[in-house]
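Read the structure below first, then the notes.
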Amino acid sequence: MRCASSKAGAQMALVYDRIALIGLGLIASSMYWAIKRDGLAGEVTGFARSAETRETAREIGLCDRVCDSLADAVADADLVVLCVPVGVMGAVAAEIAPFLKPGATVTDVGSVKKDVITQVGPHLPDSVHFVPGHPLAGTEHSGPRSGFADLFKNRWHLLVPVEGTDPAATARLRSLWEAMGAKVDEMDAEHHDLVLAVTSHAPHLIAYTMVGVADDLRRVTDEEVIQYSATGFRDFTRIASSDPTMWRDVFLSNKDATLEVLGRFTEELFALQRAIRQGDGDHLHDYFTRTRAIRRGIIEAGQDTDAPNFGRDGGVAK
């Protein structure tokens with residue numbers, strides 16, 4: 001199997017000699033541009049199942065070597081990053097296991113951690129360090145052309161070291177993410193999955209549902225939905241345009257935490273329905289005041305902007 005090469009970047013602050021990116025979508029491509037911008041690795045190899053994706057990566061210079069096999073991609077890599085949908089991580093781990101370098105670190109970027117640990121861990125040899133992770137960064141776009149070096153700037157990356165992980169391996173991986181601009185924290189897998197069910201998984205499901213309701217409500221034509229979309233609905237459609245394969249796997253892999261949060265959401269929704277039906281303006285005002293404070297907290301934490309229309313140029317949603 002061949003590996004096609006592009007010109008390597010200058011070494012400035014080396015963290016790993018060789019990094020392998022498995023899956024070449026938004027996260028992997030953003031990692032590559034950040035790594036090469038700051039000289040964090042001597043060489044970055046990449047692999048994707050799709051021949052078309054590999055050719056696109058070669059065309060745009062994504063990765064120093066784009067390989068045609070998993071074995072070639074991970075050979076002699078000090079760090080292997082699984083950037084594939086959570087539903088296939090176990091199968092990928094089983095395939096790369098025989099070719100992993102002793103002492104290498106394997107990590108991932110999946111939005112679910114407990115299921116990924118269950119899938120991946122049993123396949124990895126004892127000589128390899130396994131440090132699951134999750135960058136809380138992304139856009140609605142996917143594919144090798146979607147990445148950019150500043151994606152992780154000032155965003156959180158959560159590390160979920162498994163029991164017995166070498167602290168030095170975790171610290172080294174932390175330094176890579178911090179060098180790419182991320183803020184890093186550690187969390188256990190079960191708590192991670194509950195937090196993400198609240199902050200990401202359930203909101204995505206609600207967005208998909210609201211867009212589906214608009215599609216099903218035949219009293220509102222497709223033209224009206226598109227032409228008269230207010231900012232709230234536009235943002236729902238942005239979220240609902242995310243990668244369907246990724247989100248299918250997320251919900252199936254984190255079903256318990258997601259269902260728990262959706263149950264709580266249903267209770268809150270029924271309470272708001274009752275308040276609207278009964279004309280209870282005080283309840284609505286108090287509820288909206290409390291939730292508005294959460295938005296202020298997100299802005300104060302530097303995780304969004306208070307600029308009009310989320311800082312989009314010209315006030316137009318993009």
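Residue numbering restarts at 1 for every chain of the structure tokens, chains are lettered A, B, ... in their displayed order, and ligands are numbered from 1 as they appear.
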For range 121-132 of chain A, list every protein, DNA or RNA residue within 7 Å, evaluated using only C-alpha atoms, and leave out those in the same chain fewer than 3 positions away; present the list as a compact mmCIF listing (two decimals) with C-alpha atoms, in the first residue's frame.
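Dumped everything to part-v9.txt:
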# COMPACT_ATOMS: atom_id res chain seq x y z
CA ALA A 93 -9.24 -0.59 17.22
CA ALA A 94 -9.28 -4.33 16.47
CA ALA A 97 -4.04 -3.36 17.29
CA PRO A 102 4.81 -0.43 21.95
CA GLY A 103 4.55 2.65 24.16
CA ALA A 104 2.24 4.47 21.76
CA THR A 105 -0.82 6.34 22.99
CA VAL A 106 -4.27 5.77 21.49
CA THR A 107 -6.91 8.44 21.95
CA ASP A 108 -10.20 9.38 20.29
CA ILE A 117 -13.97 2.64 26.32
CA THR A 118 -16.01 -0.58 26.28
CA LEU A 159 -9.63 13.69 28.82
CA VAL A 160 -11.02 10.48 30.30
CA PRO A 161 -8.02 8.32 31.27
CA VAL A 162 -8.93 4.67 31.89
CA THR A 165 -3.27 4.82 32.55
CA ASP A 166 0.29 6.10 32.79
CA ALA A 169 1.01 9.56 28.71
CA THR A 170 -1.97 11.62 29.85
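Once Arg155 in chain A and its same-chain neighbours fewer than 2 positions away are set aside, A:His134, A:Pro135, A:Leu136, A:Ala137, A:Gly138, A:Asp150, A:Leu151, A:Phe152, A:Lys153, A:His157, A:Leu158, A:Trp177, A:Glu178, A:Met180, A:Gly181, A:Ala182, A:Lys183, A:Val184, A:Asp185, A:Ile298, A:Ala301, A:Gly302, A:Gln303, A:Asp304 remain within 12 Å of it when counting only C-alpha atoms.
For range 126-197 of chain A, a DSSP pass over the backbone yields strand (DSSP E or B) at His129, Phe130, Gly133, His134, Pro135, Trp156, His157, Leu158, Leu159, Lys183, Val184, Asp185 and Glu186 of chain A.
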Saved selection, atoms kept: N, CA and C atoms, as a PDB file, in the first residue's frame:
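Produced file result-v9.pdb, reproduced below:
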ATOM      1  N   HIS A 129      -0.832   2.803  25.630  1.00  0.00           N
ATOM      2  CA  HIS A 129      -1.590   3.649  26.561  1.00  0.00           C
ATOM      3  C   HIS A 129      -2.902   4.065  25.893  1.00  0.00           C
ATOM      4  N   PHE A 130      -3.993   3.991  26.635  1.00  0.00           N
ATOM      5  CA  PHE A 130      -5.298   4.384  26.102  1.00  0.00           C
ATOM      6  C   PHE A 130      -5.826   5.551  26.924  1.00  0.00           C
ATOM      7  N   GLY A 133     -10.584  10.830  24.765  1.00  0.00           N
ATOM      8  CA  GLY A 133     -10.741  12.271  24.860  1.00  0.00           C
ATOM      9  C   GLY A 133     -11.905  12.765  24.030  1.00  0.00           C
ATOM     10  N   HIS A 134     -12.261  14.030  24.246  1.00  0.00           N
ATOM     11  CA  HIS A 134     -13.376  14.620  23.513  1.00  0.00           C
ATOM     12  C   HIS A 134     -13.195  16.129  23.423  1.00  0.00           C
ATOM     13  N   PRO A 135     -12.911  16.663  22.226  1.00  0.00           N
ATOM     14  CA  PRO A 135     -12.856  18.116  22.047  1.00  0.00           C
ATOM     15  C   PRO A 135     -14.267  18.698  21.938  1.00  0.00           C
ATOM     16  N   TRP A 156     -12.881  23.685  25.277  1.00  0.00           N
ATOM     17  CA  TRP A 156     -12.494  22.644  26.215  1.00  0.00           C
ATOM     18  C   TRP A 156     -12.228  21.326  25.500  1.00  0.00           C
ATOM     19  N   HIS A 157     -11.213  20.627  25.989  1.00  0.00           N
ATOM     20  CA  HIS A 157     -10.979  19.244  25.593  1.00  0.00           C
ATOM     21  C   HIS A 157     -10.996  18.403  26.862  1.00  0.00           C
ATOM     22  N   LEU A 158     -11.865  17.407  26.903  1.00  0.00           N
ATOM     23  CA  LEU A 158     -12.005  16.568  28.088  1.00  0.00           C
ATOM     24  C   LEU A 158     -11.234  15.264  27.887  1.00  0.00           C
ATOM     25  N   LEU A 159     -10.361  14.950  28.821  1.00  0.00           N
ATOM     26  CA  LEU A 159      -9.631  13.694  28.821  1.00  0.00           C
ATOM     27  C   LEU A 159     -10.272  12.748  29.829  1.00  0.00           C
ATOM     28  N   LYS A 183      -8.421  24.362  26.220  1.00  0.00           N
ATOM     29  CA  LYS A 183      -8.367  24.248  27.674  1.00  0.00           C
ATOM     30  C   LYS A 183      -8.705  22.796  28.004  1.00  0.00           C
ATOM     31  N   VAL A 184      -7.947  22.178  28.891  1.00  0.00           N
ATOM     32  CA  VAL A 184      -8.059  20.737  29.105  1.00  0.00           C
ATOM     33  C   VAL A 184      -8.491  20.434  30.534  1.00  0.00           C
ATOM     34  N   ASP A 185      -9.411  19.492  30.661  1.00  0.00           N
ATOM     35  CA  ASP A 185      -9.849  19.027  31.969  1.00  0.00           C
ATOM     36  C   ASP A 185      -9.975  17.510  31.910  1.00  0.00           C
ATOM     37  N   GLU A 186     -10.021  16.863  33.070  1.00  0.00           N
ATOM     38  CA  GLU A 186     -10.204  15.416  33.145  1.00  0.00           C
ATOM     39  C   GLU A 186     -11.530  15.102  33.815  1.00  0.00           C
TER      40      GLU A 186
END
*asked:* Measuring between only C-alpha atoms, which one of A:Met31, A:Leu14, A:Ala257, A:Ala48 shows the shortest distance to Ala197 in chain A?
replied: A:Ala257
*Coordinates-based distance that separates CA of Lys101 in chain A from CA of Leu21 in chain A (Å, one decimal)*: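 For CA of Leu21 in chain A relative to CA of Lys101 in chain A, the distance reads 14.8 Å.
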_If you run DSSP on the backbone here, which positions in range 30-263 of chain A get helix (DSSP H, G or I)? Please write them as a ChimeraX atom specification._
/A:30-38,51-60,70-74,86-99,114-123,144-146,167-179,189-216,222-227,231-240,244-253,255-263
Go ahead and write the selection's residues with C-alpha atoms as a compact mmCIF listing (two decimals), in the first residue's frame.
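File produced: part29.txt:
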# COMPACT_ATOMS: atom_id res chain seq x y z
CA SER A 30 -8.40 20.86 12.16
CA MET A 31 -5.91 18.92 14.28
CA TYR A 32 -3.57 18.59 11.32
CA TRP A 33 -3.59 22.30 10.47
CA ALA A 34 -3.04 23.24 14.14
CA ILE A 35 -0.26 20.66 14.59
CA LYS A 36 1.60 21.78 11.46
CA ARG A 37 1.09 25.47 12.18
CA ASP A 38 2.87 25.13 15.52
CA ALA A 51 -10.76 6.51 -1.55
CA GLU A 52 -12.45 9.78 -2.51
CA THR A 53 -11.70 11.27 0.90
CA ARG A 54 -8.08 10.17 0.68
CA GLU A 55 -7.70 11.77 -2.74
CA THR A 56 -9.26 15.00 -1.48
CA ALA A 57 -6.83 15.01 1.44
CA ARG A 58 -3.90 14.57 -0.93
CA GLU A 59 -5.22 17.32 -3.17
CA ILE A 60 -5.39 19.89 -0.35
CA LEU A 70 -4.71 1.45 8.50
CA ALA A 71 -1.56 -0.59 9.04
CA ASP A 72 0.58 1.88 7.09
CA ALA A 73 -1.02 4.86 8.82
CA VAL A 74 -0.37 3.70 12.40
CA VAL A 86 -18.28 6.09 17.75
CA GLY A 87 -20.19 3.13 16.34
CA VAL A 88 -17.14 1.81 14.47
CA MET A 89 -14.35 2.60 16.94
CA GLY A 90 -14.21 -0.95 18.26
CA ALA A 91 -13.78 -2.40 14.78
CA VAL A 92 -11.06 0.12 13.95
CA ALA A 93 -9.24 -0.59 17.22
CA ALA A 94 -9.28 -4.33 16.47
CA GLU A 95 -7.84 -3.70 13.01
CA ILE A 96 -4.98 -1.44 14.12
CA ALA A 97 -4.04 -3.36 17.29
CA PRO A 98 -1.43 -5.68 15.68
CA PHE A 99 0.41 -2.72 14.13
CA LYS A 114 -18.27 5.00 28.32
CA ASP A 115 -19.27 3.08 25.20
CA VAL A 116 -16.02 3.95 23.40
CA ILE A 117 -13.97 2.64 26.32
CA THR A 118 -16.01 -0.58 26.28
CA GLN A 119 -15.52 -0.95 22.52
CA VAL A 120 -11.87 0.02 22.17
CA GLY A 121 -10.14 -1.00 25.40
CA PRO A 122 -10.30 -4.80 25.04
CA HIS A 123 -8.60 -4.71 21.63
CA PRO A 144 -11.53 16.96 4.96
CA ARG A 145 -12.06 20.47 3.57
CA SER A 146 -13.96 21.66 6.67
CA PRO A 167 0.07 9.71 34.07
CA ALA A 168 2.97 10.66 31.79
CA ALA A 169 1.01 9.56 28.71
CA THR A 170 -1.97 11.62 29.85
CA ALA A 171 0.22 14.65 30.54
CA ARG A 172 1.83 14.41 27.11
CA LEU A 173 -1.55 14.26 25.38
CA ARG A 174 -2.75 17.18 27.49
CA SER A 175 0.23 19.23 26.33
CA LEU A 176 -0.66 18.57 22.70
CA TRP A 177 -4.21 19.82 23.11
CA GLU A 178 -3.10 22.83 25.11
CA ALA A 179 -0.57 23.66 22.40
CA ALA A 189 -16.62 8.48 31.59
CA GLU A 190 -20.08 8.22 33.18
CA HIS A 191 -20.11 11.85 34.28
CA HIS A 192 -18.82 12.96 30.87
CA ASP A 193 -21.69 11.21 29.12
CA LEU A 194 -24.30 12.81 31.39
CA VAL A 195 -22.79 16.30 30.98
CA LEU A 196 -22.71 15.94 27.19
CA ALA A 197 -26.27 14.61 27.12
CA VAL A 198 -27.30 17.94 28.69
CA THR A 199 -25.04 20.28 26.75
CA SER A 200 -24.92 18.63 23.32
CA HIS A 201 -26.81 15.40 22.68
CA ALA A 202 -30.31 16.35 23.84
CA PRO A 203 -30.10 19.84 22.24
CA HIS A 204 -29.19 18.25 18.91
CA LEU A 205 -32.10 15.83 19.17
CA ILE A 206 -34.46 18.70 19.98
CA ALA A 207 -33.16 20.65 16.97
CA TYR A 208 -33.69 17.65 14.69
CA THR A 209 -37.21 17.30 16.11
CA MET A 210 -38.15 20.97 15.65
CA VAL A 211 -37.00 20.96 12.04
CA GLY A 212 -38.96 17.73 11.54
CA VAL A 213 -42.08 19.32 13.05
CA ALA A 214 -41.82 22.21 10.61
CA ASP A 215 -41.55 19.72 7.78
CA ASP A 216 -44.58 17.75 9.01
CA ASP A 222 -41.84 24.64 2.64
CA GLU A 223 -41.45 28.03 1.00
CA GLU A 224 -42.71 29.82 4.11
CA VAL A 225 -40.43 27.86 6.41
CA ILE A 226 -37.43 28.77 4.28
CA GLN A 227 -38.39 32.35 3.42
CA THR A 231 -33.06 33.40 13.92
CA GLY A 232 -34.18 30.68 16.34
CA PHE A 233 -35.34 28.32 13.60
CA ARG A 234 -32.28 29.12 11.48
CA ASP A 235 -30.06 28.01 14.34
CA PHE A 236 -32.09 24.82 14.72
CA THR A 237 -31.54 24.06 11.04
CA ARG A 238 -27.82 24.72 11.40
CA ILE A 239 -27.56 22.19 14.24
CA ALA A 240 -29.84 19.73 12.42
CA PRO A 244 -26.28 12.15 10.43
CA THR A 245 -24.02 9.09 10.80
CA MET A 246 -22.12 10.63 13.69
CA TRP A 247 -25.28 11.66 15.54
CA ARG A 248 -27.03 8.35 14.96
CA ASP A 249 -24.10 6.61 16.65
CA VAL A 250 -23.96 9.16 19.48
CA PHE A 251 -27.58 8.62 20.47
CA LEU A 252 -27.34 4.84 20.28
CA SER A 253 -24.09 4.85 22.27
CA LYS A 255 -28.88 6.19 25.21
CA ASP A 256 -29.19 6.04 29.01
CA ALA A 257 -27.93 9.55 29.72
CA THR A 258 -29.79 11.02 26.74
CA LEU A 259 -33.07 9.40 27.74
CA GLU A 260 -32.62 10.65 31.32
CA VAL A 261 -32.16 14.23 30.10
CA LEU A 262 -35.04 13.95 27.61
CA GLY A 263 -37.30 12.73 30.43
_Who sits within 12 Å of range 269-274 of chain A, only C-alpha atoms, same chain under 6 positions skipped, as a list in words_ =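 Final neighbour list, sorted by chain and number: Ile206, Leu262, Gly263, Asp280, Gly281, Asp282, His283, Leu284, His285, Asp286, Tyr287 and Phe288 of chain A.
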Dump all heavy atoms for the selected residues as a short mmCIF file (atom, residue, chain, number, x, y, z; two decimals), in the first residue's frame?
data_model
loop_
_atom_site.label_atom_id
_atom_site.label_comp_id
_atom_site.auth_asym_id
_atom_site.auth_seq_id
_atom_site.Cartn_x
_atom_site.Cartn_y
_atom_site.Cartn_z
N ILE A 206 -33.36 17.73 19.99
CA ILE A 206 -34.46 18.70 19.98
C ILE A 206 -34.45 19.52 18.69
O ILE A 206 -35.51 19.80 18.09
CB ILE A 206 -34.37 19.61 21.23
CG1 ILE A 206 -34.66 18.78 22.49
CG2 ILE A 206 -35.36 20.79 21.12
CD1 ILE A 206 -34.23 19.48 23.77
N LEU A 262 -33.80 13.72 28.36
CA LEU A 262 -35.04 13.95 27.61
C LEU A 262 -36.27 13.78 28.51
O LEU A 262 -37.27 14.49 28.33
CB LEU A 262 -35.12 13.01 26.42
CG LEU A 262 -34.17 13.31 25.26
CD1 LEU A 262 -34.28 12.23 24.19
CD2 LEU A 262 -34.45 14.69 24.66
N GLY A 263 -36.20 12.87 29.48
CA GLY A 263 -37.30 12.73 30.43
C GLY A 263 -37.48 14.00 31.24
O GLY A 263 -38.62 14.46 31.45
N ASP A 280 -50.27 31.78 33.01
CA ASP A 280 -49.41 32.04 34.17
C ASP A 280 -48.15 32.78 33.73
O ASP A 280 -47.09 32.20 33.55
CB ASP A 280 -49.06 30.72 34.85
CG ASP A 280 -48.35 30.91 36.18
OD1 ASP A 280 -47.94 32.05 36.47
OD2 ASP A 280 -48.19 29.92 36.92
N GLY A 281 -48.29 34.08 33.58
CA GLY A 281 -47.17 34.90 33.11
C GLY A 281 -46.02 34.95 34.09
O GLY A 281 -44.86 35.04 33.69
N ASP A 282 -46.31 34.90 35.38
CA ASP A 282 -45.24 34.95 36.38
C ASP A 282 -44.31 33.74 36.25
O ASP A 282 -43.09 33.86 36.33
CB ASP A 282 -45.83 34.99 37.79
CG ASP A 282 -46.51 36.33 38.10
OD1 ASP A 282 -46.20 37.32 37.40
OD2 ASP A 282 -47.34 36.37 39.03
N HIS A 283 -44.91 32.57 36.05
CA HIS A 283 -44.10 31.36 35.90
C HIS A 283 -43.21 31.46 34.67
O HIS A 283 -42.01 31.14 34.73
CB HIS A 283 -45.00 30.12 35.79
CG HIS A 283 -44.24 28.85 35.56
ND1 HIS A 283 -43.74 28.09 36.59
CD2 HIS A 283 -43.85 28.21 34.41
CE1 HIS A 283 -43.10 27.04 36.10
NE2 HIS A 283 -43.16 27.09 34.77
N LEU A 284 -43.79 31.93 33.56
CA LEU A 284 -43.01 32.05 32.33
C LEU A 284 -41.88 33.05 32.50
O LEU A 284 -40.74 32.79 32.09
CB LEU A 284 -43.92 32.46 31.18
CG LEU A 284 -44.98 31.45 30.75
CD1 LEU A 284 -45.91 32.07 29.72
CD2 LEU A 284 -44.32 30.19 30.18
N HIS A 285 -42.16 34.20 33.11
CA HIS A 285 -41.15 35.24 33.28
C HIS A 285 -40.02 34.74 34.17
O HIS A 285 -38.83 34.95 33.86
CB HIS A 285 -41.78 36.50 33.86
CG HIS A 285 -40.83 37.67 33.92
ND1 HIS A 285 -40.01 37.90 34.99
CD2 HIS A 285 -40.56 38.66 33.01
CE1 HIS A 285 -39.28 38.97 34.76
NE2 HIS A 285 -39.59 39.44 33.57
N ASP A 286 -40.37 34.10 35.27
CA ASP A 286 -39.34 33.59 36.19
C ASP A 286 -38.47 32.53 35.51
O ASP A 286 -37.25 32.51 35.68
CB ASP A 286 -39.99 33.00 37.45
CG ASP A 286 -40.63 34.07 38.32
OD1 ASP A 286 -40.34 35.26 38.12
OD2 ASP A 286 -41.43 33.69 39.21
N TYR A 287 -39.11 31.67 34.74
CA TYR A 287 -38.38 30.59 34.05
C TYR A 287 -37.42 31.17 33.02
O TYR A 287 -36.24 30.78 32.95
CB TYR A 287 -39.38 29.66 33.37
CG TYR A 287 -38.78 28.35 32.89
CD1 TYR A 287 -38.77 27.23 33.71
CD2 TYR A 287 -38.24 28.24 31.61
CE1 TYR A 287 -38.23 26.03 33.27
CE2 TYR A 287 -37.69 27.05 31.16
CZ TYR A 287 -37.69 25.95 32.00
OH TYR A 287 -37.15 24.77 31.56
N PHE A 288 -37.90 32.12 32.23
CA PHE A 288 -37.06 32.72 31.19
C PHE A 288 -35.94 33.55 31.79
O PHE A 288 -34.83 33.64 31.22
CB PHE A 288 -37.91 33.58 30.25
CG PHE A 288 -38.98 32.81 29.52
CD1 PHE A 288 -40.13 33.45 29.07
CD2 PHE A 288 -38.85 31.45 29.30
CE1 PHE A 288 -41.12 32.75 28.40
CE2 PHE A 288 -39.84 30.74 28.63
CZ PHE A 288 -40.98 31.39 28.18
#
